[in-house]
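Everything below belongs to my_file36.pdb, which stores PDB, C-alpha atoms and all ligand atoms.
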```pdb
ATOM      1  CA  MET O  22     137.951 -22.582-126.228
ATOM      2  CA  GLY O  23     140.279 -24.107-128.813
ATOM      3  CA  PHE O  24     143.916 -25.099-128.370
ATOM      4  CA  ASP O  25     146.383 -22.260-128.944
ATOM      5  CA  MET O  26     147.763 -22.542-132.492
ATOM      6  CA  ASN O  27     151.104 -21.186-131.302
ATOM      7  CA  CYS O  28     151.621 -24.230-129.108
ATOM      8  CA  ILE O  29     150.938 -26.789-131.851
ATOM      9  CA  VAL O  30     154.065 -28.454-133.179
ATOM     10  CA  GLY O  31     154.091 -28.863-136.971
ATOM     11  CA  HIS O  32     151.442 -28.331-139.628
ATOM     12  CA  VAL O  33     147.712 -28.262-138.851
ATOM     13  CA  ASP O  34     145.085 -29.176-141.478
ATOM     14  CA  GLU O  35     142.562 -26.456-142.245
ATOM     15  CA  GLU O  36     139.605 -28.642-141.262
ATOM     16  CA  LEU O  37     140.959 -29.038-137.665
ATOM     17  CA  ILE O  38     140.597 -25.321-137.029
ATOM     18  CA  CYS O  39     137.493 -23.925-135.363
ATOM     19  CA  PRO O  40     135.889 -21.195-137.546
ATOM     20  CA  ILE O  41     134.804 -19.305-134.421
ATOM     21  CA  CYS O  42     137.954 -19.089-132.262
ATOM     22  CA  THR O  43     140.416 -19.906-135.119
ATOM     23  CA  ASP O  44     142.379 -22.220-132.821
ATOM     24  CA  VAL O  45     142.578 -26.015-132.932
ATOM     25  CA  LEU O  46     139.232 -27.739-132.233
ATOM     26  CA  GLU O  47     138.638 -28.580-128.574
ATOM     27  CA  GLU O  48     135.856 -31.089-127.753
ATOM     28  CA  PRO O  49     134.722 -30.802-131.384
ATOM     29  CA  VAL O  50     131.164 -31.279-132.658
ATOM     30  CA  GLN O  51     129.860 -30.940-136.202
ATOM     31  CA  SER O  52     126.627 -30.016-137.876
ATOM     32  CA  SER O  53     124.849 -33.066-139.261
ATOM     33  CA  GLN O  54     123.559 -30.760-142.044
ATOM     34  CA  CYS O  55     126.655 -29.013-143.471
ATOM     35  CA  GLU O  56     129.364 -31.064-141.662
ATOM     36  CA  HIS O  57     131.252 -27.982-140.464
ATOM     37  CA  ALA O  58     133.034 -28.597-137.157
ATOM     38  CA  TYR O  59     133.426 -26.268-134.186
ATOM     39  CA  CYS O  60     134.600 -26.420-130.552
ATOM     40  CA  ARG O  61     131.695 -27.440-128.292
ATOM     41  CA  ALA O  62     132.063 -24.324-126.116
ATOM     42  CA  CYS O  63     132.428 -21.992-129.124
ATOM     43  CA  ILE O  64     129.305 -23.167-130.938
ATOM     44  CA  ASP O  65     127.209 -23.250-127.719
ATOM     45  CA  LYS O  66     128.072 -19.624-127.093
ATOM     46  CA  TRP O  67     127.469 -18.712-130.761
ATOM     47  CA  MET O  68     124.039 -20.328-130.802
ATOM     48  CA  LEU O  69     122.863 -18.170-127.905
ATOM     49  CA  GLN O  70     122.854 -15.408-130.544
ATOM     50  CA  LYS O  71     122.211 -17.084-133.923
ATOM     51  CA  GLN O  72     120.820 -20.401-135.148
ATOM     52  CA  ILE O  73     122.943 -20.551-138.291
ATOM     53  CA  CYS O  74     126.298 -22.134-139.241
ATOM     54  CA  PRO O  75     129.020 -19.468-138.862
ATOM     55  CA  VAL O  76     130.667 -20.725-142.090
ATOM     56  CA  ASP O  77     127.847 -21.055-144.626
ATOM     57  CA  ARG O  78     124.899 -19.488-142.739
ATOM     58  CA  SER O  79     122.760 -22.626-143.163
ATOM     59  CA  ALA O  80     120.138 -23.303-140.481
ATOM     60  CA  LEU O  81     121.599 -24.830-137.321
ATOM     61  CA  LEU O  82     119.696 -26.297-134.346
ATOM     62  CA  ALA O  83     121.075 -27.847-131.173
ATOM     63  CA  SER O  84     119.734 -31.197-132.383
ATOM     64  CA  HIS O  85     121.958 -30.924-135.507
ATOM     65  CA  LEU O  86     125.137 -31.043-133.468
ATOM     66  CA  VAL O  87     126.787 -34.510-133.458
ATOM     67  CA  PRO O  88     130.254 -35.899-132.599
ATOM     68  CA  VAL O  89     132.862 -35.415-135.316
ATOM     69  CA  SER O  90     133.993 -38.312-137.513
ATOM     70  CA  ARG O  91     136.489 -40.921-136.339
ATOM     71  CA  LEU O  92     138.896 -39.683-139.030
ATOM     72  CA  MET O  93     138.876 -36.159-137.627
ATOM     73  CA  ARG O  94     139.308 -37.463-134.075
ATOM     74  CA  ASN O  95     142.338 -39.503-135.213
ATOM     75  CA  MET O  96     143.877 -36.480-136.888
ATOM     76  CA  LEU O  97     143.395 -34.409-133.738
ATOM     77  CA  GLY O  98     144.804 -37.263-131.646
ATOM     78  CA  ARG O  99     148.054 -37.218-133.641
ATOM     79  CA  LEU O 100     148.741 -33.526-132.958
ATOM     80  CA  LYS O 101     151.488 -32.668-130.471
ATOM     81  CA  MET O 102     151.642 -29.528-128.390
ATOM     82  CA  LYS O 103     154.348 -27.842-126.393
ATOM     83  CA  CYS O 104     153.568 -26.410-122.984
ATOM     84  CA  THR O 105     152.400 -22.778-122.638
ATOM     85  CA  PHE O 106     155.478 -22.264-120.456
ATOM     86  CA  SER O 107     157.995 -23.717-122.926
ATOM     87  CA  GLN O 108     159.704 -20.339-123.041
ATOM     88  CA  SER O 109     160.225 -20.541-119.296
ATOM     89  CA  GLY O 110     161.954 -23.877-119.721
ATOM     90  CA  CYS O 111     159.249 -26.545-119.932
ATOM     91  CA  THR O 112     160.250 -29.172-122.486
ATOM     92  CA  GLN O 113     157.147 -31.398-122.294
ATOM     93  CA  MET O 114     155.471 -32.573-125.527
ATOM     94  CA  LEU O 115     151.781 -33.152-124.971
ATOM     95  CA  ALA O 116     148.790 -34.734-126.618
ATOM     96  CA  LEU O 117     145.744 -32.459-126.862
ATOM     97  CA  GLU O 118     143.878 -34.199-124.051
ATOM     98  CA  GLU O 119     146.820 -33.808-121.613
ATOM     99  CA  PHE O 120     147.410 -30.156-122.381
ATOM    100  CA  ARG O 121     145.044 -28.372-119.931
ATOM    101  CA  THR O 122     145.885 -30.568-116.938
ATOM    102  CA  HIS O 123     149.602 -30.229-117.533
ATOM    103  CA  VAL O 124     149.562 -26.452-117.916
ATOM    104  CA  ALA O 125     147.554 -25.975-114.711
ATOM    105  CA  ALA O 126     150.123 -27.946-112.734
ATOM    106  CA  CYS O 127     153.292 -27.188-114.714
ATOM    107  CA  GLU O 128     156.211 -26.347-112.471
ATOM    108  CA  HIS O 129     156.969 -23.386-114.760
ATOM    109  CA  ASN O 130     153.463 -21.954-114.327
ATOM    110  CA  PRO O 131     153.836 -18.859-112.129
ATOM    111  CA  LYS O 132     150.249 -19.332-110.826
ATOM    112  CA  VAL O 133     150.912 -22.844-109.537
ATOM    113  CA  VAL O 134     150.109 -22.913-105.842
ATOM    114  CA  VAL O 135     153.024 -23.913-103.638
ATOM    115  CA  GLU O 136     153.563 -24.138 -99.906
ATOM    116  CA  CYS O 137     155.686 -21.415 -98.322
ATOM    117  CA  SER O 138     159.106 -22.842 -97.569
ATOM    118  CA  LYS O 139     160.011 -20.185 -95.021
ATOM    119  CA  GLY O 140     158.000 -21.881 -92.340
ATOM    120  CA  CYS O 141     154.496 -20.398 -92.256
ATOM    121  CA  GLY O 142     153.099 -23.300 -94.315
ATOM    122  CA  MET O 143     150.627 -21.112 -96.246
ATOM    123  CA  LYS O 144     149.745 -22.118 -99.806
ATOM    124  CA  ILE O 145     150.326 -19.274-102.297
ATOM    125  CA  PRO O 146     150.793 -18.830-106.064
ATOM    126  CA  LYS O 147     154.462 -19.216-106.993
ATOM    127  CA  ASP O 148     154.734 -15.710-108.486
ATOM    128  CA  GLU O 149     153.573 -14.120-105.230
ATOM    129  CA  MET O 150     156.210 -15.932-103.207
ATOM    130  CA  SER O 151     158.847 -13.198-103.594
ATOM    131  CA  ARG O 152     156.454 -10.606-102.124
ATOM    132  CA  HIS O 153     155.207 -13.035 -99.481
ATOM    133  CA  ASN O 154     155.962 -12.127 -95.873
ATOM    134  CA  CYS O 155     155.217 -14.866 -93.340
ATOM    135  CA  VAL O 156     154.810 -12.506 -90.387
ATOM    136  CA  PHE O 157     152.465 -10.210 -92.261
ATOM    137  CA  GLU O 158     150.317 -13.068 -93.592
ATOM    138  CA  LEU O 159     150.179 -14.815 -90.235
ATOM    139  CA  ARG O 160     149.268 -11.580 -88.489
ATOM    140  CA  GLU O 161     146.228 -11.346 -90.753
ATOM    141  CA  VAL O 162     145.311 -14.924 -89.886
ATOM    142  CA  VAL O 163     145.731 -14.191 -86.180
ATOM    143  CA  GLU O 164     143.610 -11.052 -86.459
ATOM    144  CA  THR O 165     140.813 -13.016 -88.098
ATOM    145  CA  VAL O 166     140.971 -15.685 -85.426
ATOM    146  CA  VAL O 167     141.041 -13.090 -82.639
ATOM    147  CA  LYS O 168     137.962 -11.457 -84.131
ATOM    148  CA  GLU O 169     136.186 -14.816 -84.288
ATOM    149  CA  VAL O 170     137.077 -15.623 -80.690
ATOM    150  CA  SER O 171     135.812 -12.267 -79.509
ATOM    151  CA  ASP O 172     132.550 -12.748 -81.433
ATOM    152  CA  LEU O 173     132.153 -16.143 -79.826
ATOM    153  CA  LYS O 174     132.820 -14.714 -76.376
ATOM    154  CA  GLN O 175     130.147 -12.113 -76.947
ATOM    155  CA  LYS O 176     127.728 -14.856 -77.962
ATOM    156  CA  VAL O 177     128.529 -16.834 -74.824
ATOM    157  CA  THR O 178     127.944 -13.753 -72.674
ATOM    158  CA  ASP O 179     124.593 -13.143 -74.366
ATOM    159  CA  LEU O 180     123.574 -16.758 -73.895
ATOM    160  CA  GLU O 181     124.593 -16.671 -70.234
ATOM    161  CA  ALA O 182     122.512 -13.565 -69.640
ATOM    162  CA  GLN O 183     119.594 -15.183 -71.404
ATOM    163  CA  SER O 184     119.903 -18.400 -69.448
ATOM    164  CA  SER O 185     120.187 -16.631 -66.085
ATOM    165  CA  SER O 186     117.062 -14.631 -66.812
ATOM    166  CA  GLN O 187     115.286 -17.842 -67.763
ATOM    167  CA  ARG O 188     116.512 -19.407 -64.538
ATOM    168  CA  ARG O 189     115.020 -16.526 -62.563
ATOM    169  CA  GLU O 190     111.719 -16.913 -64.372
ATOM    170  CA  LEU O 191     111.708 -20.611 -63.652
ATOM    171  CA  GLU O 192     112.402 -19.963 -59.991
ATOM    172  CA  LEU O 193     109.526 -17.507 -59.779
ATOM    173  CA  PHE O 194     107.301 -20.012 -61.503
ATOM    174  CA  GLN O 195     108.314 -22.668 -59.003
ATOM    175  CA  TYR O 196     107.496 -20.373 -56.063
ATOM    176  CA  TYR O 197     104.143 -19.752 -57.647
ATOM    177  CA  ILE O 198     103.511 -23.500 -57.988
ATOM    178  CA  ALA O 199     104.639 -24.019 -54.392
ATOM    179  CA  ALA O 200     102.134 -21.387 -53.251
ATOM    180  CA  LEU O 201      99.351 -23.065 -55.250
ATOM    181  CA  ARG O 202     100.250 -26.430 -53.817
ATOM    182  CA  SER O 203     100.092 -25.245 -50.236
ATOM    183  CA  THR O 204      96.450 -24.253 -50.716
ATOM    184  CA  ASN O 205      95.152 -27.148 -52.795
ATOM    185  CA  PRO O 206      95.284 -30.795 -51.538
ATOM    186  CA  VAL O 207      94.939 -32.353 -55.013
ATOM    187  CA  LEU O 208      97.768 -30.245 -56.379
ATOM    188  CA  ARG O 209      99.762 -31.044 -53.247
ATOM    189  CA  ASN O 210      99.476 -34.745 -53.930
ATOM    190  CA  ILE O 211     100.448 -34.479 -57.605
ATOM    191  CA  GLY O 212     103.242 -32.111 -56.656
ATOM    192  CA  GLU O 213     104.743 -34.578 -54.189
ATOM    193  CA  GLN O 214     104.827 -37.282 -56.827
ATOM    194  CA  LEU O 215     106.500 -34.893 -59.258
ATOM    195  CA  ASP O 216     109.053 -33.909 -56.612
ATOM    196  CA  ARG O 217     109.871 -37.517 -55.943
ATOM    197  CA  PHE O 218     110.220 -38.123 -59.662
ATOM    198  CA  SER O 219     112.437 -35.133 -60.331
ATOM    199  CA  LEU O 220     114.661 -35.986 -57.352
ATOM    200  CA  MET O 221     115.111 -39.506 -58.702
ATOM    201  CA  GLN O 222     115.905 -38.177 -62.167
ATOM    202  CA  TRP O 223     118.699 -36.159 -60.626
ATOM    203  CA  GLY O 224     119.728 -39.049 -58.346
ATOM    204  CA  ASN O 225     120.029 -41.474 -61.242
ATOM    205  CA  GLY O 226     122.875 -39.362 -62.578
ATOM    206  CA  LEU O 227     124.828 -39.610 -59.301
ATOM    207  CA  ARG O 228     127.258 -42.431 -58.498
ATOM    208  CA  LEU O 229     126.307 -44.856 -55.752
ATOM    209  CA  ALA O 230     128.261 -44.544 -52.547
ATOM    210  CA  THR O 231     129.383 -46.889 -49.782
ATOM    211  CA  VAL O 232     129.521 -45.469 -46.290
ATOM    212  CA  ASN O 233     132.352 -47.232 -44.451
ATOM    213  CA  SER O 234     132.191 -45.302 -41.243
ATOM    214  CA  TRP O 235     128.805 -44.151 -39.971
ATOM    215  CA  GLY O 236     130.659 -42.834 -36.938
ATOM    216  CA  SER O 237     131.994 -39.923 -38.972
ATOM    217  CA  LEU O 238     128.488 -38.656 -39.812
ATOM    218  CA  ILE O 239     128.015 -34.947 -39.077
ATOM    219  CA  SER O 240     124.435 -34.698 -37.866
ATOM    220  CA  THR O 241     124.335 -31.056 -36.747
ATOM    221  CA  PRO O 242     126.129 -29.112 -39.480
ATOM    222  CA  ASP O 243     126.823 -25.398 -38.932
ATOM    223  CA  SER O 244     125.933 -22.674 -41.415
ATOM    224  CA  PRO O 245     129.199 -22.806 -43.428
ATOM    225  CA  MET O 246     128.444 -26.490 -43.951
ATOM    226  CA  HIS O 247     124.899 -25.664 -45.014
ATOM    227  CA  LEU O 248     126.409 -23.351 -47.578
ATOM    228  CA  MET O 249     128.793 -26.054 -48.747
ATOM    229  CA  VAL O 250     125.870 -28.469 -49.123
ATOM    230  CA  ARG O 251     123.959 -25.877 -51.117
ATOM    231  CA  ASN O 252     126.910 -25.379 -53.453
ATOM    232  CA  VAL O 253     127.586 -29.053 -54.097
ATOM    233  CA  LEU O 254     123.909 -29.822 -54.614
ATOM    234  CA  ARG O 255     123.489 -26.927 -57.000
ATOM    235  CA  ALA O 256     126.632 -27.888 -58.940
ATOM    236  CA  SER O 257     125.437 -31.474 -59.266
ATOM    237  CA  GLY O 258     122.172 -30.351 -60.856
ATOM    238  CA  CYS O 259     119.780 -30.837 -57.942
ATOM    239  CA  PRO O 260     116.314 -29.637 -59.064
ATOM    240  CA  MET O 261     116.224 -25.972 -58.138
ATOM    241  CA  HIS O 262     112.898 -25.963 -56.363
ATOM    242  CA  MET O 263     114.093 -28.847 -54.166
ATOM    243  CA  LEU O 264     117.349 -27.190 -53.243
ATOM    244  CA  ASN O 265     116.164 -25.405 -50.094
ATOM    245  CA  MET O 266     114.360 -28.496 -48.868
ATOM    246  CA  MET O 267     117.420 -30.672 -49.447
ATOM    247  CA  VAL O 268     119.747 -28.183 -47.720
ATOM    248  CA  ASP O 269     117.404 -28.098 -44.723
ATOM    249  CA  HIS O 270     117.417 -31.877 -44.702
ATOM    250  CA  CYS O 271     121.124 -32.143 -43.919
ATOM    251  CA  HIS O 272     120.411 -31.673 -40.185
ATOM    252  CA  GLU O 273     119.203 -34.407 -37.840
ATOM    253  CA  ASP O 274     116.218 -32.227 -36.825
ATOM    254  CA  ARG O 275     114.771 -32.859 -40.272
ATOM    255  CA  TRP O 276     115.636 -36.515 -40.552
ATOM    256  CA  PRO O 277     113.202 -39.419 -40.103
ATOM    257  CA  GLU O 278     112.444 -40.448 -36.548
ATOM    258  CA  GLY O 279     114.903 -43.342 -36.476
ATOM    259  CA  LEU O 280     117.849 -41.052 -37.271
ATOM    260  CA  MET O 281     117.050 -38.062 -35.086
ATOM    261  CA  THR O 282     119.356 -38.634 -32.136
ATOM    262  CA  LEU O 283     122.663 -40.370 -31.591
ATOM    263  CA  ASP O 284     120.889 -43.028 -29.540
ATOM    264  CA  ASP O 285     118.358 -43.627 -32.332
ATOM    265  CA  ARG O 286     121.175 -44.003 -34.816
ATOM    266  CA  ARG O 287     123.137 -46.393 -32.572
ATOM    267  CA  GLU O 288     120.043 -48.506 -32.190
ATOM    268  CA  ASN O 289     119.413 -48.566 -35.953
ATOM    269  CA  GLN O 290     123.015 -48.824 -37.086
ATOM    270  CA  ARG O 291     122.611 -52.283 -38.650
ATOM    271  CA  ARG O 292     119.613 -51.079 -40.675
ATOM    272  CA  MET O 293     121.350 -47.872 -41.743
ATOM    273  CA  SER O 294     123.987 -49.873 -43.583
ATOM    274  CA  GLN O 295     121.169 -50.948 -45.894
ATOM    275  CA  TYR O 296     120.546 -47.411 -47.137
ATOM    276  CA  VAL O 297     121.121 -46.818 -50.830
ATOM    277  CA  THR O 298     123.283 -43.708 -50.782
ATOM    278  CA  ARG O 299     124.446 -41.585 -53.690
ATOM    279  CA  LEU O 300     127.583 -39.518 -53.730
ATOM    280  CA  VAL O 301     127.228 -35.804 -54.451
ATOM    281  CA  PRO O 302     130.448 -34.847 -56.234
ATOM    282  CA  GLY O 303     132.173 -32.690 -53.614
ATOM    283  CA  LEU O 304     133.998 -29.441 -54.093
ATOM    284  CA  VAL O 305     137.714 -30.045 -53.774
ATOM    285  CA  THR O 306     137.951 -28.901 -50.176
ATOM    286  CA  GLY O 307     134.543 -30.158 -49.136
ATOM    287  CA  LYS O 308     133.554 -33.085 -46.999
ATOM    288  CA  PRO O 309     131.916 -36.107 -48.611
ATOM    289  CA  CYS O 310     128.178 -35.647 -48.994
ATOM    290  CA  VAL O 311     125.716 -38.386 -49.792
ATOM    291  CA  VAL O 312     122.013 -38.187 -50.555
ATOM    292  CA  VAL O 313     119.468 -40.726 -49.386
ATOM    293  CA  LEU O 314     116.500 -40.519 -51.738
ATOM    294  CA  ALA O 315     113.017 -41.836 -51.039
ATOM    295  CA  GLY O 316     112.854 -43.457 -54.468
ATOM    296  CA  ASP O 317     115.968 -45.544 -53.769
ATOM    297  CA  ASN O 318     114.966 -46.531 -50.258
ATOM    298  CA  THR O 319     111.460 -47.917 -50.328
ATOM    299  CA  HIS O 320     112.936 -51.099 -48.783
ATOM    300  CA  MET O 321     113.773 -49.261 -45.562
ATOM    301  CA  PRO O 322     111.523 -49.404 -42.482
ATOM    302  CA  GLU O 323     109.181 -46.460 -42.121
ATOM    303  CA  ASN O 324     111.063 -44.798 -39.254
ATOM    304  CA  LEU O 325     114.219 -44.649 -41.419
ATOM    305  CA  ARG O 326     112.609 -43.831 -44.754
ATOM    306  CA  PRO O 327     112.978 -40.224 -45.944
ATOM    307  CA  SER O 328     109.786 -38.634 -47.273
ATOM    308  CA  LEU O 329     111.634 -37.201 -50.294
ATOM    309  CA  GLY O 330     115.332 -37.119 -49.636
ATOM    310  CA  LEU O 331     117.977 -36.155 -47.137
ATOM    311  CA  VAL O 332     121.637 -35.219 -47.171
ATOM    312  CA  MET O 333     124.327 -36.704 -44.965
ATOM    313  CA  ILE O 334     127.718 -35.045 -44.513
ATOM    314  CA  PHE O 335     130.659 -37.144 -43.401
ATOM    315  CA  VAL O 336     134.106 -36.262 -42.124
ATOM    316  CA  ASP O 337     135.419 -39.105 -44.288
ATOM    317  CA  GLY O 338     134.885 -42.813 -44.864
ATOM    318  CA  VAL O 339     132.731 -42.629 -48.001
ATOM    319  CA  ASP O 340     133.650 -44.399 -51.236
ATOM    320  CA  GLU O 341     132.130 -44.658 -54.660
ATOM    321  CA  ARG O 342     130.418 -47.942 -55.200
ATOM    322  CA  ALA O 343     130.153 -49.782 -58.473
ATOM    323  CA  GLN O 344     127.238 -52.136 -57.867
ATOM    324  CA  GLN O 345     123.549 -51.597 -58.473
ATOM    325  CA  PRO O 346     121.284 -50.341 -55.689
ATOM    326  CA  TRP O 347     119.704 -52.884 -53.365
ATOM    327  CA  PRO O 348     116.748 -54.481 -55.050
ATOM    328  CA  ASP O 349     113.755 -53.104 -53.208
ATOM    329  CA  THR O 350     112.295 -56.546 -52.601
ATOM    330  CA  GLU O 351     115.276 -57.811 -50.618
ATOM    331  CA  PHE O 352     114.428 -56.015 -47.381
ATOM    332  CA  VAL O 353     110.666 -55.870 -47.509
TER     333      VAL O 353
HETATM  334 ZN    ZN Q   1     136.640 -22.756-131.131
HETATM  335 ZN    ZN Q   2     128.254 -25.008-142.203
HETATM  336 ZN    ZN Q   3     154.888 -27.278-118.750
HETATM  337 ZN    ZN Q   4     155.425 -17.886 -95.365
END
```
Let me see the structure of the file written as structure tokens.
Amino acid sequence: MGFDMNCIVGHVDEELICPICTDVLEEPVQSSQCEHAYCRACIDKWMLQKQICPVDRSALLASHLVPVSRLMRNMLGRLKMKCTFSQSGCTQMLALEEFRTHVAACEHNPKVVVECSKGCGMKIPKDEMSRHNCVFELREVVETVVKEVSDLKQKVTDLEAQSSSQRRELELFQYYIAALRSTNPVLRNIGEQLDRFSLMQWGNGLRLATVNSWGSLISTPDSPMHLMVRNVLRASGCPMHMLNMMVDHCHEDRWPEGLMTLDDRRENQRRMSQYVTRLVPGLVTGKPCVVVLAGDNTHMPENLRPSLGLVMIFVDGVDERAQQPWPDTEFV
């Protein structure tokens, strides 16, 4: 509020001085009634208390306040100021309107924020630099970050607990539905359609596969392989209530008629190459697994068509495939 008289160079006319702060007018306004001039900030603050001119006590309303005359603005514009930090060595001569910006950024201003030159890169007021200790400051930063990380970890743990309890609830719910379905034919029918749908939703996220060597198919997997299949299916997001069914369906006993024995498979080998197969991303040490889903394979003959889906494990000879699945019409 008002420019410091001590910084003004030369003589200042009486009328350029604010009657409230007694410094040089800053953003001046005047009363349209008595023509006394004041700093904008000074008179605003004054008028919170009194609605009179501080000089002659005449009535003063906010609507009386108008910009000062061009003459007064010219007189103010001709004033020169030295910097607040001239005693510290600043030699700048400033016009009124440059004064505030310069002082805030003046290199002689002890509160100017500078970057630590000792390597920590923190931004600190110049006058605190001599007391500044990089290690101490950085330790505080590290402590804050460590605290944040530990809070986040706690949150993750809480969320995991929450999600595993929800998973258990969902599983129970699915058992319940399965029990209902086994006793009600209408529900059974709807349920099968939903199963087919949810398997295909999962399947659509899996890459297509090309089986190069049907000879390396493992048709009677042992229990460690069942476990491997369970793990890769679960990791790939196989619908939970279908998991047991799909794991069971990695053995030839549970495959469609045309796949059940080696002889069947030899006989149908040409047809088998027309399966749309999807690659289940394997664990690093695992064997390649593909799924054959009903929804992808409606073009297959009935004795080779899975009712919902089946899993095939191979020793090797499976690649990812880029192209789209066989159009269903092609083999009808
Ligand atoms: Zn003032
Ligand atoms: Zn007045
Ligand atoms: Zn300066
Ligand atoms: Zn530092």
Item to check | Cut-off 9 Å, only C-alpha atoms and all ligand atoms, neighbours of ligand ZN 3 (chain Q) as a ChimeraX atom specification | outcome: /O:103-107,109-114,120,123-130
Item to check | Among listed residues O:Val30, O:Met263, O:Glu273, O:Lys71, nearest O:Met221 (using all atoms listed in the file) | outcome: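 That would be O:Met263, the residue with the smallest distance to O:Met221.
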Next on the checklist: Give me, as a PyMOL selection string, all polymer residues having an atom no more than 12 Å from O:Leu220, counting all atoms listed in the file and skipping those fewer than 6 positions away in the same chain.
Outcome noted: chain O and resi 213-214+226-227+254+257-264+266-267+299+312-317+328-331
So that each row is one residue of chain O with an atom at most 12 Å from ligand ZN 2 (chain Q), can you give its shortest atom pair and the distance in Å to one decimal, using only C-alpha atoms and all ligand atoms, rows by chain and rising number, as CSV?
```
residue,atom,partner,partner_atom,distance
O:Glu36,CA,Q:ZN2,ZN,12.0
O:Cys39,CA,Q:ZN2,ZN,11.5
O:Pro40,CA,Q:ZN2,ZN,9.7
O:Ile41,CA,Q:ZN2,ZN,11.7
O:Val50,CA,Q:ZN2,ZN,11.8
O:Gln51,CA,Q:ZN2,ZN,8.6
O:Ser52,CA,Q:ZN2,ZN,6.8
O:Ser53,CA,Q:ZN2,ZN,9.2
O:Gln54,CA,Q:ZN2,ZN,7.4
O:Cys55,CA,Q:ZN2,ZN,4.5
O:Glu56,CA,Q:ZN2,ZN,6.2
O:His57,CA,Q:ZN2,ZN,4.6
O:Ala58,CA,Q:ZN2,ZN,7.8
O:Tyr59,CA,Q:ZN2,ZN,9.6
O:Ile64,CA,Q:ZN2,ZN,11.5
O:Gln72,CA,Q:ZN2,ZN,11.2
O:Ile73,CA,Q:ZN2,ZN,8.0
O:Cys74,CA,Q:ZN2,ZN,4.6
O:Pro75,CA,Q:ZN2,ZN,6.5
O:Val76,CA,Q:ZN2,ZN,4.9
O:Asp77,CA,Q:ZN2,ZN,4.7
O:Arg78,CA,Q:ZN2,ZN,6.5
O:Ser79,CA,Q:ZN2,ZN,6.1
O:Ala80,CA,Q:ZN2,ZN,8.5
O:Leu81,CA,Q:ZN2,ZN,8.3
O:Leu82,CA,Q:ZN2,ZN,11.7
O:His85,CA,Q:ZN2,ZN,10.9
O:Leu86,CA,Q:ZN2,ZN,11.1
```
Next on the checklist: So, with all atoms listed in the file as the atoms that count, which of O:Gly31, O:Gly140, O:Pro88, O:Gly236 lies closest to ligand ZN 4 (chain Q)?
Outcome noted: O:Gly140
Item to check | Protein and nucleic acid residues within 7 Å of ligand ZN 4 (chain Q) (all atoms listed in the file) as a list of chain:residue names | outcome: O:Cys137, O:Ser138, O:Lys139, O:Gly140, O:Cys141, O:Gly142, O:Met143, O:His153, O:Asn154, O:Cys155
Using the chain letters and numbers from this file, what does the PyMOL selection byres (((not hetatm)) within 8 of (chain Q and resi 1)) select? Give the answer as a PDB file with C-alpha atoms, in the frame of the given file.
```
ATOM      1  CA  MET O  22     137.951 -22.582-126.228  1.00  0.00           C
ATOM      2  CA  GLY O  23     140.279 -24.107-128.813  1.00  0.00           C
ATOM      3  CA  ILE O  38     140.597 -25.321-137.029  1.00  0.00           C
ATOM      4  CA  CYS O  39     137.493 -23.925-135.363  1.00  0.00           C
ATOM      5  CA  PRO O  40     135.889 -21.195-137.546  1.00  0.00           C
ATOM      6  CA  ILE O  41     134.804 -19.305-134.421  1.00  0.00           C
ATOM      7  CA  CYS O  42     137.954 -19.089-132.262  1.00  0.00           C
ATOM      8  CA  THR O  43     140.416 -19.906-135.119  1.00  0.00           C
ATOM      9  CA  ASP O  44     142.379 -22.220-132.821  1.00  0.00           C
ATOM     10  CA  VAL O  45     142.578 -26.015-132.932  1.00  0.00           C
ATOM     11  CA  LEU O  46     139.232 -27.739-132.233  1.00  0.00           C
ATOM     12  CA  GLU O  47     138.638 -28.580-128.574  1.00  0.00           C
ATOM     13  CA  TYR O  59     133.426 -26.268-134.186  1.00  0.00           C
ATOM     14  CA  CYS O  60     134.600 -26.420-130.552  1.00  0.00           C
ATOM     15  CA  ARG O  61     131.695 -27.440-128.292  1.00  0.00           C
ATOM     16  CA  ALA O  62     132.063 -24.324-126.116  1.00  0.00           C
ATOM     17  CA  CYS O  63     132.428 -21.992-129.124  1.00  0.00           C
ATOM     18  CA  ILE O  64     129.305 -23.167-130.938  1.00  0.00           C
TER      19      ILE O  64
END
```
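With only C-alpha atoms as the basis for measurement, O:Leu215 is the residue among O:Leu69, O:Arg91, O:Leu215, O:Gly98 that approaches O:Arg202 most closely.
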